[in-house]
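One file, work-v3.txt, is given below (compact mmCIF, C-alpha atoms).
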```
# COMPACT_ATOMS: atom_id res chain seq x y z
CA MET M 1 21.13 -38.64 19.18
CA ASN M 2 17.75 -39.31 20.72
CA PRO M 3 15.05 -38.14 18.25
CA ILE M 4 13.06 -36.65 21.13
CA LEU M 5 15.99 -34.28 21.78
CA LEU M 6 16.45 -33.53 18.08
CA ALA M 7 12.95 -32.06 17.75
CA PRO M 8 13.43 -29.13 20.19
CA LEU M 9 16.95 -28.67 18.76
CA PHE M 10 15.40 -28.19 15.32
CA LEU M 11 12.94 -25.64 16.71
CA LEU M 12 15.86 -23.59 18.05
CA VAL M 13 18.45 -24.01 15.29
CA ALA M 14 16.17 -23.83 12.22
CA PRO M 15 15.31 -20.09 12.52
CA LEU M 16 19.02 -19.25 12.97
CA PHE M 17 19.88 -21.36 9.94
CA GLY M 18 17.05 -19.93 7.82
CA GLY M 19 17.77 -16.34 8.87
CA LEU M 20 21.50 -16.62 8.14
CA LEU M 21 20.72 -18.28 4.82
CA THR M 22 18.42 -15.36 3.89
CA GLY M 23 21.14 -12.89 4.95
CA VAL M 24 23.79 -14.59 2.81
CA ASP M 25 21.23 -14.77 -0.02
CA ARG M 26 20.71 -11.00 0.13
CA VAL M 27 24.46 -10.31 0.10
CA ILE M 28 25.09 -12.69 -2.82
CA SER M 29 22.10 -11.27 -4.75
CA ALA M 30 23.46 -7.73 -4.20
CA ARG M 31 26.95 -8.77 -5.38
CA MET M 32 25.41 -10.30 -8.50
CA GLN M 33 23.78 -6.92 -9.17
CA GLY M 34 27.07 -5.05 -8.61
CA ARG M 35 26.05 -3.78 -5.16
CA VAL M 36 27.59 -4.23 -1.71
CA GLY M 37 24.36 -5.37 -0.09
CA PRO M 38 23.13 -5.37 3.53
CA PRO M 39 24.90 -6.95 6.53
CA VAL M 40 24.59 -10.74 6.77
CA LEU M 41 22.49 -10.35 9.95
CA GLN M 42 20.02 -8.00 8.19
CA PRO M 43 17.09 -10.52 8.25
CA PHE M 44 17.38 -10.66 12.06
CA TYR M 45 17.35 -6.83 12.27
CA ASP M 46 14.29 -6.81 10.01
CA LEU M 47 12.49 -9.41 12.14
CA GLY M 48 13.42 -7.53 15.32
CA LYS M 49 12.00 -4.32 13.91
CA LEU M 50 8.83 -5.99 12.62
CA LEU M 51 8.17 -7.47 16.09
CA GLN M 52 8.65 -4.02 17.71
CA LYS M 53 6.43 -2.21 15.23
CA ASP M 54 2.78 -1.41 15.77
CA VAL M 55 0.41 -3.83 14.09
CA ARG M 56 -2.75 -3.00 12.14
CA PRO M 57 -4.64 -6.27 11.77
CA VAL M 58 -7.41 -5.86 9.20
CA ASN M 59 -9.49 -8.60 10.80
CA PRO M 60 -9.25 -10.72 13.97
CA ILE M 61 -8.54 -14.02 12.16
CA VAL M 62 -5.31 -13.11 10.30
CA GLU M 63 -2.96 -13.36 13.25
CA PRO M 64 -4.21 -16.74 14.59
CA LEU M 65 -3.93 -18.15 11.06
CA LEU M 66 -0.38 -16.82 10.67
CA LEU M 67 0.63 -18.15 14.09
CA GLY M 68 -0.78 -21.51 12.98
CA HIS M 69 1.30 -21.17 9.82
CA VAL M 70 4.50 -20.68 11.87
CA VAL M 71 3.66 -23.40 14.40
CA PHE M 72 2.80 -26.06 11.83
CA MET M 73 5.80 -25.16 9.66
CA ALA M 74 8.09 -25.50 12.69
CA LEU M 75 6.24 -28.63 13.78
CA SER M 76 6.60 -30.38 10.43
CA GLY M 77 10.40 -30.02 10.64
CA ALA M 78 10.45 -31.05 14.30
CA MET M 79 8.26 -34.07 13.49
CA ILE M 80 10.64 -35.19 10.73
CA VAL M 81 13.73 -35.15 12.95
CA GLY M 82 11.64 -36.36 15.90
CA GLY M 83 10.99 -39.67 14.15
CA VAL M 84 7.40 -39.31 12.94
CA ASP M 85 6.46 -41.11 9.71
CA LEU M 86 7.79 -39.05 6.77
CA LEU M 87 4.58 -39.18 4.73
CA PHE M 88 2.60 -37.89 7.68
CA THR M 89 4.88 -34.86 8.01
CA ALA M 90 4.32 -34.05 4.31
CA PHE M 91 0.66 -33.46 5.11
CA VAL M 92 1.46 -31.28 8.13
CA PHE M 93 3.77 -29.30 5.80
CA ALA M 94 0.88 -28.86 3.34
CA LEU M 95 -1.42 -27.76 6.18
CA ALA M 96 1.12 -25.11 7.24
CA ALA M 97 1.26 -23.74 3.70
CA LEU M 98 -2.52 -23.76 3.48
CA LEU M 99 -2.86 -21.64 6.63
CA LEU M 100 -0.86 -18.87 4.93
CA VAL M 101 -3.24 -19.02 1.96
CA LEU M 102 -6.21 -18.73 4.34
CA ALA M 103 -4.61 -15.78 6.17
CA ALA M 104 -3.95 -13.87 2.95
CA GLY M 105 -7.36 -14.82 1.51
CA SER M 106 -9.26 -13.64 4.60
CA VAL M 107 -8.68 -9.94 3.82
CA ASN M 108 -10.37 -7.76 1.25
CA SER M 109 -7.29 -6.42 -0.53
CA PRO M 110 -7.34 -7.56 -4.17
CA TYR M 111 -3.52 -7.85 -4.15
CA SER M 112 -3.55 -10.05 -1.09
CA PHE M 113 -6.43 -12.13 -2.47
CA THR M 114 -4.70 -12.63 -5.83
CA GLY M 115 -1.54 -13.56 -3.93
CA ALA M 116 -3.54 -16.15 -1.97
CA GLU M 117 -5.00 -17.62 -5.17
CA ARG M 118 -1.56 -17.85 -6.74
CA GLU M 119 -0.11 -19.40 -3.59
CA LEU M 120 -2.82 -22.04 -3.83
CA ILE M 121 -1.72 -22.71 -7.40
CA VAL M 122 1.95 -23.12 -6.47
CA LEU M 123 0.84 -25.35 -3.61
CA LEU M 124 -1.07 -27.43 -6.12
CA ALA M 125 2.09 -27.56 -8.24
CA SER M 126 4.56 -28.45 -5.49
CA GLU M 127 2.78 -30.59 -2.89
CA PRO M 128 2.25 -33.74 -5.05
CA PHE M 129 6.00 -33.80 -5.61
CA PHE M 130 6.87 -33.80 -1.90
CA ILE M 131 4.51 -36.68 -1.21
CA LEU M 132 5.98 -38.60 -4.16
CA MET M 133 9.52 -37.80 -3.02
CA LEU M 134 9.00 -38.96 0.55
CA ALA M 135 7.21 -42.10 -0.65
CA ALA M 136 10.12 -42.85 -3.02
CA VAL M 137 12.69 -42.32 -0.26
CA SER M 138 10.75 -44.71 1.96
CA LYS M 139 10.54 -47.26 -0.86
CA VAL M 140 14.29 -47.13 -1.60
CA THR M 141 15.44 -47.44 1.99
CA GLY M 142 12.55 -49.50 3.33
CA GLU M 143 12.40 -47.04 6.22
CA SER M 144 9.71 -44.51 7.06
CA THR M 145 11.52 -42.35 9.61
CA PHE M 146 14.28 -39.76 9.36
CA ALA M 147 16.75 -41.68 11.54
CA GLY M 148 15.95 -44.88 9.65
CA VAL M 149 16.69 -43.29 6.26
CA LEU M 150 19.97 -41.81 7.53
CA ALA M 151 21.04 -45.16 8.98
CA SER M 152 20.09 -47.08 5.84
CA PRO M 153 23.02 -48.60 3.86
CA GLU M 154 21.15 -47.74 0.64
CA ARG M 155 22.25 -44.46 -0.99
CA VAL M 156 19.10 -42.57 -2.02
CA ALA M 157 20.20 -39.88 -4.53
CA PRO M 158 21.93 -42.22 -7.06
CA ILE M 159 18.79 -44.39 -7.18
CA LEU M 160 16.44 -41.40 -7.48
CA PRO M 161 18.07 -39.05 -10.04
CA GLY M 162 14.65 -38.02 -11.41
CA ILE M 163 13.48 -37.01 -7.94
CA VAL M 164 16.69 -35.01 -7.39
CA LEU M 165 16.20 -33.08 -10.65
CA ALA M 166 12.52 -32.43 -9.91
CA PHE M 167 13.51 -31.27 -6.40
CA LEU M 168 15.67 -28.55 -7.98
CA LEU M 169 12.61 -27.22 -9.81
CA VAL M 170 10.21 -27.45 -6.87
CA ALA M 171 12.75 -25.85 -4.49
CA THR M 172 12.51 -22.72 -6.67
CA ILE M 173 8.82 -22.52 -5.77
CA LYS M 174 9.33 -23.19 -2.08
CA LEU M 175 12.22 -20.72 -1.73
CA ARG M 176 10.06 -18.10 -3.51
CA LYS M 177 12.55 -17.51 -6.29
CA SER M 178 11.94 -16.10 -9.73
CA PRO M 179 10.51 -17.27 -12.17
CA PHE M 180 8.19 -19.08 -9.74
CA ASP M 181 7.64 -16.32 -7.13
CA ILE M 182 4.20 -15.51 -8.50
CA SER M 183 2.38 -15.25 -5.16
CA THR M 184 4.88 -13.07 -3.30
CA SER M 185 8.48 -12.06 -3.76
CA HIS M 186 11.40 -11.16 -1.53
CA HIS M 187 11.91 -8.23 -3.81
CA PRO M 188 9.07 -5.74 -3.38
CA HIS M 189 9.03 -4.63 -7.00
CA GLN M 190 6.57 -7.07 -8.49
CA GLU M 191 3.17 -6.42 -9.99
CA LEU M 192 1.38 -7.60 -6.83
CA VAL M 193 3.52 -5.31 -4.62
CA ARG M 194 4.02 -8.04 -2.03
CA GLY M 195 1.15 -10.37 -2.93
CA LEU M 196 0.35 -12.53 0.08
CA THR M 197 1.61 -10.03 2.65
CA SER M 198 0.01 -6.92 1.06
CA ASP M 199 -2.39 -6.38 3.93
CA MET M 200 -0.12 -7.51 6.76
CA SER M 201 1.85 -5.13 8.95
CA GLY M 202 4.31 -5.24 11.83
CA ARG M 203 4.74 -8.60 13.50
CA LEU M 204 2.31 -10.25 11.06
CA ILE M 205 4.98 -9.98 8.32
CA GLY M 206 7.45 -11.15 10.98
CA TRP M 207 5.48 -14.40 11.43
CA VAL M 208 5.49 -15.00 7.66
CA GLU M 209 9.25 -14.41 7.56
CA LEU M 210 9.89 -16.71 10.54
CA ALA M 211 7.81 -19.46 8.94
CA HIS M 212 9.83 -19.06 5.75
CA TRP M 213 13.06 -19.60 7.70
CA TYR M 214 11.62 -22.84 9.10
CA GLU M 215 10.59 -23.79 5.57
CA SER M 216 14.15 -23.25 4.28
CA ALA M 217 15.51 -25.46 7.08
CA LEU M 218 12.88 -28.06 6.20
CA LEU M 219 14.11 -28.10 2.59
CA ALA M 220 17.64 -28.66 3.92
CA LEU M 221 16.26 -31.69 5.81
CA PHE M 222 14.77 -33.00 2.56
CA VAL M 223 18.20 -32.71 0.91
CA LEU M 224 19.60 -34.63 3.87
CA LEU M 225 17.08 -37.41 3.15
CA LEU M 226 18.24 -37.56 -0.48
CA VAL M 227 21.97 -37.44 0.37
CA ASN M 228 21.48 -39.81 3.30
CA TRP M 229 25.00 -41.28 3.45
CA SER M 230 26.87 -38.10 4.45
CA PRO M 231 25.34 -35.13 6.34
CA PRO M 232 28.26 -32.75 5.49
CA LEU M 233 27.87 -33.62 1.80
CA ALA M 234 24.11 -33.01 2.14
CA LEU M 235 24.72 -29.55 3.63
CA GLY M 236 27.17 -28.80 0.81
CA ALA M 237 24.64 -30.02 -1.76
CA PHE M 238 21.94 -27.83 -0.21
CA LEU M 239 24.18 -24.76 -0.33
CA VAL M 240 25.03 -25.46 -3.99
CA VAL M 241 21.30 -25.81 -4.77
CA TYR M 242 20.63 -22.56 -2.93
CA PHE M 243 23.35 -20.75 -4.89
CA LEU M 244 21.85 -22.02 -8.15
CA GLU M 245 18.45 -20.75 -7.00
CA ILE M 246 19.90 -17.28 -6.37
CA LEU M 247 21.50 -17.36 -9.82
CA VAL M 248 18.20 -18.33 -11.45
CA ASP M 249 16.37 -15.72 -9.33
CA ASN M 250 18.65 -12.96 -10.60
CA SER M 251 18.65 -14.01 -14.24
CA THR M 252 15.01 -14.82 -15.01
CA SER M 253 11.81 -12.84 -15.04
CA ARG M 254 8.59 -13.93 -13.37
CA ALA M 255 6.54 -16.60 -15.15
CA LYS M 256 2.78 -16.72 -15.53
CA TRP M 257 0.94 -19.12 -13.22
CA GLN M 258 -0.05 -21.40 -16.11
CA LEU M 259 3.62 -21.99 -16.95
CA VAL M 260 4.47 -22.63 -13.29
CA LEU M 261 1.74 -25.22 -12.92
CA GLN M 262 2.31 -26.93 -16.27
CA SER M 263 6.10 -27.08 -16.07
CA THR M 264 6.11 -28.30 -12.47
CA TRP M 265 3.50 -30.99 -13.10
CA ALA M 266 5.26 -32.08 -16.31
CA VAL M 267 8.61 -32.37 -14.53
CA THR M 268 7.06 -34.03 -11.47
CA LEU M 269 5.16 -36.49 -13.64
CA VAL M 270 7.95 -37.34 -16.08
CA LEU M 271 11.08 -37.17 -13.92
CA ALA M 272 9.79 -37.99 -10.44
CA GLY M 273 6.88 -40.20 -11.54
CA GLY M 274 9.06 -41.98 -14.11
CA ASN M 275 11.73 -42.52 -11.49
CA VAL M 276 9.25 -44.00 -9.02
CA LEU M 277 7.65 -46.17 -11.74
CA ALA M 278 11.06 -47.53 -12.78
CA LEU M 279 11.85 -48.18 -9.13
CA PHE M 280 8.68 -50.22 -8.62
CA LEU M 281 9.13 -52.14 -11.90
CA LEU M 282 12.80 -52.95 -11.37
CA ARG M 283 12.79 -53.62 -7.64
CA SER M 284 9.63 -55.63 -7.05
CA MET Z 1 17.72 -2.67 21.72
CA SER Z 2 15.92 -1.01 18.89
CA PHE Z 3 16.11 -2.38 15.38
CA PHE Z 4 14.47 0.61 13.67
CA SER Z 5 17.77 2.29 12.86
CA ARG Z 6 19.02 -0.88 11.20
CA SER Z 7 15.95 -1.68 9.14
CA PRO Z 8 14.09 1.39 7.87
CA TRP Z 9 11.69 0.44 5.09
CA ILE Z 10 10.68 3.24 2.77
CA LEU Z 11 7.52 4.05 0.87
CA HIS Z 12 8.16 6.47 -1.97
CA TYR Z 13 5.23 8.61 -3.15
CA ASP Z 14 5.45 10.99 -6.08
CA GLY Z 15 3.09 13.95 -5.39
CA SER Z 16 3.23 16.20 -8.42
CA SER Z 17 6.95 15.99 -8.96
CA CYS Z 18 8.60 16.72 -12.32
CA ASN Z 19 10.29 13.28 -11.79
CA GLY Z 20 13.69 14.90 -11.20
CA CYS Z 21 13.67 13.99 -7.49
CA ASP Z 22 12.10 10.58 -8.25
CA ILE Z 23 15.00 9.68 -10.48
CA GLU Z 24 17.40 10.73 -7.74
CA VAL Z 25 15.47 8.61 -5.21
CA LEU Z 26 15.76 5.62 -7.53
CA ALA Z 27 19.45 6.42 -8.04
CA CYS Z 28 19.89 5.72 -4.31
CA LEU Z 29 18.99 2.08 -4.99
CA THR Z 30 21.53 1.66 -7.79
CA PRO Z 31 24.99 0.10 -7.32
CA LEU Z 32 26.58 3.56 -7.00
CA TYR Z 33 24.72 4.53 -3.81
CA ASP Z 34 23.19 1.15 -2.78
CA VAL Z 35 21.09 2.16 0.25
CA GLU Z 36 20.41 -1.51 1.00
CA ARG Z 37 23.84 -1.36 2.71
CA PHE Z 38 22.00 0.35 5.59
CA GLY Z 39 19.11 -2.12 5.55
CA ILE Z 40 16.94 0.40 3.67
CA VAL Z 41 14.34 -1.25 1.46
CA ASN Z 42 11.97 0.43 -0.99
CA THR Z 43 8.72 -1.36 -0.10
CA GLY Z 44 5.95 0.10 -2.24
CA ASN Z 45 3.42 -0.79 0.47
CA PRO Z 46 2.36 1.65 3.25
CA LYS Z 47 1.58 -1.21 5.64
CA HIS Z 48 5.20 -2.39 5.50
CA ALA Z 49 6.83 1.05 5.58
CA ASP Z 50 8.49 3.03 8.36
CA ILE Z 51 9.41 6.14 6.36
CA LEU Z 52 7.15 7.94 3.92
CA LEU Z 53 9.34 9.67 1.37
CA VAL Z 54 7.40 12.23 -0.67
CA THR Z 55 8.62 14.08 -3.74
CA GLY Z 56 6.68 16.88 -5.42
CA SER Z 57 4.10 19.28 -4.04
CA VAL Z 58 0.60 18.73 -2.76
CA ASN Z 59 -2.19 19.49 -5.22
CA GLU Z 60 -5.98 19.26 -4.99
CA ARG Z 61 -6.03 15.71 -6.35
CA ASN Z 62 -3.46 14.04 -4.10
CA ILE Z 63 -4.37 15.40 -0.65
CA ASP Z 64 -6.52 12.36 0.14
CA ILE Z 65 -3.95 9.96 -1.28
CA ILE Z 66 -1.09 11.28 0.86
CA GLN Z 67 -3.26 11.30 3.98
CA ASN Z 68 -4.51 7.81 3.20
CA LEU Z 69 -0.98 6.46 2.74
CA TYR Z 70 0.12 8.15 5.97
CA ARG Z 71 -2.82 6.71 7.92
CA GLN Z 72 -2.15 3.20 6.62
CA MET Z 73 1.41 3.20 7.93
CA PRO Z 74 1.71 1.58 11.39
CA ASP Z 75 3.49 3.55 14.16
CA PRO Z 76 6.24 4.60 14.62
CA LYS Z 77 6.51 6.39 11.28
CA VAL Z 78 8.20 9.49 9.89
CA VAL Z 79 7.75 11.62 6.78
CA VAL Z 80 10.67 12.89 4.71
CA ALA Z 81 9.91 15.64 2.19
CA VAL Z 82 12.40 15.39 -0.68
CA GLY Z 83 13.11 18.39 -2.93
CA ALA Z 84 12.06 22.01 -3.03
CA CYS Z 85 8.49 21.21 -4.18
CA ALA Z 86 7.84 18.75 -1.33
CA CYS Z 87 9.32 21.22 1.18
CA SER Z 88 7.42 24.33 0.14
CA GLY Z 89 5.75 23.89 -3.24
CA GLY Z 90 8.89 25.09 -5.01
CA ILE Z 91 8.48 27.00 -8.24
CA PHE Z 92 4.94 25.63 -8.54
CA ALA Z 93 3.90 27.10 -5.17
CA ARG Z 94 1.74 29.81 -6.76
CA ALA Z 95 0.11 27.58 -9.36
CA TYR Z 96 -3.71 27.54 -9.07
CA ASN Z 97 -3.94 23.84 -8.22
CA VAL Z 98 -0.95 23.59 -5.84
CA GLN Z 99 -1.53 23.67 -2.09
CA GLY Z 100 2.16 23.92 -1.15
CA GLY Z 101 4.57 21.60 0.64
CA ILE Z 102 3.76 18.17 2.10
CA ASP Z 103 3.48 19.69 5.58
CA LYS Z 104 0.14 21.19 4.54
CA VAL Z 105 -1.45 17.73 4.80
CA VAL Z 106 0.74 15.45 6.95
CA PRO Z 107 3.34 16.22 9.67
CA VAL Z 108 6.81 16.30 8.09
CA ASP Z 109 9.85 15.29 10.17
CA VAL Z 110 12.72 15.94 7.75
CA TYR Z 111 13.03 18.45 4.92
CA VAL Z 112 15.54 17.64 2.16
CA PRO Z 113 16.16 20.73 0.02
CA GLY Z 114 17.39 20.76 -3.57
CA CYS Z 115 16.11 20.95 -7.13
CA ALA Z 116 16.55 18.15 -7.74
CA ALA Z 117 17.70 16.82 -4.35
CA ARG Z 118 20.97 14.93 -4.76
CA PRO Z 119 21.15 11.24 -3.78
CA GLU Z 120 23.69 12.10 -1.05
CA SER Z 121 21.30 14.58 0.56
CA ILE Z 122 18.35 12.15 0.19
CA ILE Z 123 20.34 9.45 2.03
CA ASP Z 124 21.30 12.07 4.63
CA GLY Z 125 17.64 13.01 5.03
CA VAL Z 126 16.65 9.37 5.50
CA VAL Z 127 19.37 8.95 8.14
CA GLN Z 128 17.93 11.96 10.00
CA GLY Z 129 14.52 10.38 9.53
CA ILE Z 130 15.85 7.26 11.25
CA ALA Z 131 16.87 9.37 14.27
CA ALA Z 132 13.33 10.82 14.38
CA LEU Z 133 11.96 7.28 14.07
CA GLU Z 134 13.99 6.21 17.13
CA GLN Z 135 12.68 9.17 19.14
CA LYS Z 136 9.08 8.34 18.22
CA ARG Z 137 9.60 4.69 19.10
CA ALA Z 138 10.94 5.69 22.53
CA LYS Z 139 7.75 7.73 23.05
CA VAL Z 140 5.48 4.87 21.93
CA ALA Z 141 7.28 2.23 24.03
```
Would you mind writing the file out in structure tokens?
Amino acid sequence: MNPILLAPLFLLVAPLFGGLLTGVDRVISARMQGRVGPPVLQPFYDLGKLLQKDVRPVNPIVEPLLLGHVVFMALSGAMIVGGVDLLFTAFVFALAALLLVLAAGSVNSPYSFTGAERELIVLLASEPFFILMLAAVSKVTGESTFAGVLASPERVAPILPGIVLAFLLVATIKLRKSPFDISTSHHPHQELVRGLTSDMSGRLIGWVELAHWYESALLALFVLLLVNWSPPLALGAFLVVYFLEILVDNSTSRAKWQLVLQSTWAVTLVLAGGNVLALFLLRS
Amino acid sequence: MSFFSRSPWILHYDGSSCNGCDIEVLACLTPLYDVERFGIVNTGNPKHADILLVTGSVNERNIDIIQNLYRQMPDPKVVVAVGACACSGGIFARAYNVQGGIDKVVPVDVYVPGCAARPESIIDGVVQGIAALEQKRAKVA
């Protein structure tokens, strides 16, 4: 399909995908805890309500920053499928995440501010990996675009096992799953109450949620880049990864930020960095 | 279409409760009652909440806190008073430091009687709160 058409398609389909994924996540989490859980469409009801609710912005800059967060998150996915250079999209992705930090940091609430600081730390932990991953994918296939990687005869995941393993760890951060959900959690019962979104109300939380759905879809695209020879297999792999994340989320307690940063950097450096180093030594 | 009835988020505040009603409120979240079936979430943050659920009576020290929590909640919002103490002050009504029920300081929409209120009646009270929430939304919109 024409990449120019794929970009708007991503903008439309990604929120549906991310919302459904969150709904299934909540049902599976509830079943793991011996509960029935909400309807699968619950995230859409929640978003609908949040958009209808009155909003109490604590300052005039929060909402523009959050809208920027949504737009750039959506844009980074649309740019990937639209055929923009993969490395470039990694930086747009980082910018989107940074806008959320700025929004949460712009208010006076100590919970929100601590959430923003912690989000910055997890950003510091996860972003180097994504740049390394996209660079490695480009190196393996010799292609720098999404369509190019998918069309490449080279199978990415078997050549990059270290990157795949590191991806599992970093996905925990990006999907905001325990033990790495230090900045904010889908479950409200954490020591920061809701961390990043403490001082946001009404549609402001809605924007954060919408951006997270785009982010989930973006992670699915990354899995597609790794499992580039078969899109159905990639979707299956993503769902398996997501199930494992739910399992980990329900069976671990929250880690301290030092552990998050150290473990992620160690894994990124050893597994992903080692993988890339081996690739460059063996292939060039 | 309104989504309020499908996604009521609750803020639970313990006034000066003996913790009997609080335990029953928490029991609503357990696998036996599982209020998340109805999209109900216990938020712990007034800015995210639609329903303020108060247990225990109002005393001199928590008047400001209850009013502050209520003011921080964005509209539409409802208040559910859970248990005899939250409804009227209960057996502590004549104590020197007790003002009375929650309706002395914020407007209450639903009264859930009981000492302690049973989880079934708390869920019933929240469902009536949802109906009040819908009415208020219709007025706001």
Query raised in the report: What residues in chain M have any atom no more than 6 Å from chain Z when counting only C-alpha atoms, and can you write them as JSON, numbers by chain?
Result: {"M": [34, 35, 37, 38, 45, 46, 48, 49, 54, 188, 201]}
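Taking CA of Val164 in chain M and CA of Val227 in chain M as the two end points, the separation is 9.7 Å.
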What's around Leu52 in chain Z at 7 Å? Count only C-alpha atoms, leave out sequence neighbours fewer than 2 positions away in its own chain, and write the answer as a short mmCIF file (atom, residue, chain, number, x, y, z; two decimals) with C-alpha atoms, in the frame of the given file.
```cif
data_model
loop_
_atom_site.label_atom_id
_atom_site.label_comp_id
_atom_site.auth_asym_id
_atom_site.auth_seq_id
_atom_site.Cartn_x
_atom_site.Cartn_y
_atom_site.Cartn_z
CA ILE Z 10 10.68 3.24 2.77
CA LEU Z 11 7.52 4.05 0.87
CA HIS Z 12 8.16 6.47 -1.97
CA ASP Z 50 8.49 3.03 8.36
CA VAL Z 54 7.40 12.23 -0.67
CA VAL Z 78 8.20 9.49 9.89
CA VAL Z 79 7.75 11.62 6.78
CA VAL Z 80 10.67 12.89 4.71
#
```
Query raised in the report: With distances taken over all atoms listed in the file, which of M:Met73, M:Ala234, M:Val40, M:Ala104 is nearest to Met200 in chain M?
Result: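 Of M:Met73, M:Ala234, M:Val40, M:Ala104, the one nearest Met200 in chain M is M:Ala104, counting all atoms listed in the file.
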Report summary line: Across Z:Cys87, Z:Ile51, Z:Val106, Z:Ile122, the smallest distance to Glu134 in chain Z, with only C-alpha atoms counted, is shown by Z:Ile51
Complete range 118-129 of chain M at the level of N, CA and C atoms, written as an mmCIF file, in the coordinates of the input.
```cif
data_model
loop_
_atom_site.group_PDB
_atom_site.id
_atom_site.type_symbol
_atom_site.label_atom_id
_atom_site.label_comp_id
_atom_site.auth_asym_id
_atom_site.auth_seq_id
_atom_site.Cartn_x
_atom_site.Cartn_y
_atom_site.Cartn_z
ATOM 1 N N ARG M 118 -2.775 -17.363 -6.079
ATOM 2 C CA ARG M 118 -1.560 -17.850 -6.740
ATOM 3 C C ARG M 118 -0.784 -18.803 -5.839
ATOM 4 N N GLU M 119 -0.804 -18.518 -4.527
ATOM 5 C CA GLU M 119 -0.110 -19.400 -3.590
ATOM 6 C C GLU M 119 -0.762 -20.784 -3.614
ATOM 7 N N LEU M 120 -2.101 -20.769 -3.736
ATOM 8 C CA LEU M 120 -2.820 -22.040 -3.830
ATOM 9 C C LEU M 120 -2.381 -22.813 -5.064
ATOM 10 N N ILE M 121 -2.154 -22.072 -6.158
ATOM 11 C CA ILE M 121 -1.720 -22.710 -7.400
ATOM 12 C C ILE M 121 -0.316 -23.310 -7.250
ATOM 13 N N VAL M 122 0.601 -22.557 -6.624
ATOM 14 C CA VAL M 122 1.950 -23.120 -6.470
ATOM 15 C C VAL M 122 1.943 -24.281 -5.476
ATOM 16 N N LEU M 123 0.997 -24.230 -4.546
ATOM 17 C CA LEU M 123 0.840 -25.350 -3.610
ATOM 18 C C LEU M 123 0.391 -26.597 -4.369
ATOM 19 N N LEU M 124 -0.541 -26.353 -5.269
ATOM 20 C CA LEU M 124 -1.070 -27.430 -6.120
ATOM 21 C C LEU M 124 0.047 -27.999 -6.990
ATOM 22 N N ALA M 125 0.988 -27.127 -7.378
ATOM 23 C CA ALA M 125 2.090 -27.560 -8.240
ATOM 24 C C ALA M 125 3.144 -28.325 -7.455
ATOM 25 N N SER M 126 3.396 -27.899 -6.195
ATOM 26 C CA SER M 126 4.560 -28.450 -5.490
ATOM 27 C C SER M 126 4.238 -29.608 -4.548
ATOM 28 N N GLU M 127 3.058 -29.584 -3.930
ATOM 29 C CA GLU M 127 2.780 -30.590 -2.890
ATOM 30 C C GLU M 127 2.802 -32.040 -3.387
ATOM 31 N N PRO M 128 2.202 -32.337 -4.592
ATOM 32 C CA PRO M 128 2.250 -33.740 -5.050
ATOM 33 C C PRO M 128 3.687 -34.252 -5.129
ATOM 34 N N PHE M 129 4.612 -33.363 -5.494
ATOM 35 C CA PHE M 129 6.000 -33.800 -5.610
ATOM 36 C C PHE M 129 6.554 -34.249 -4.271
#
```
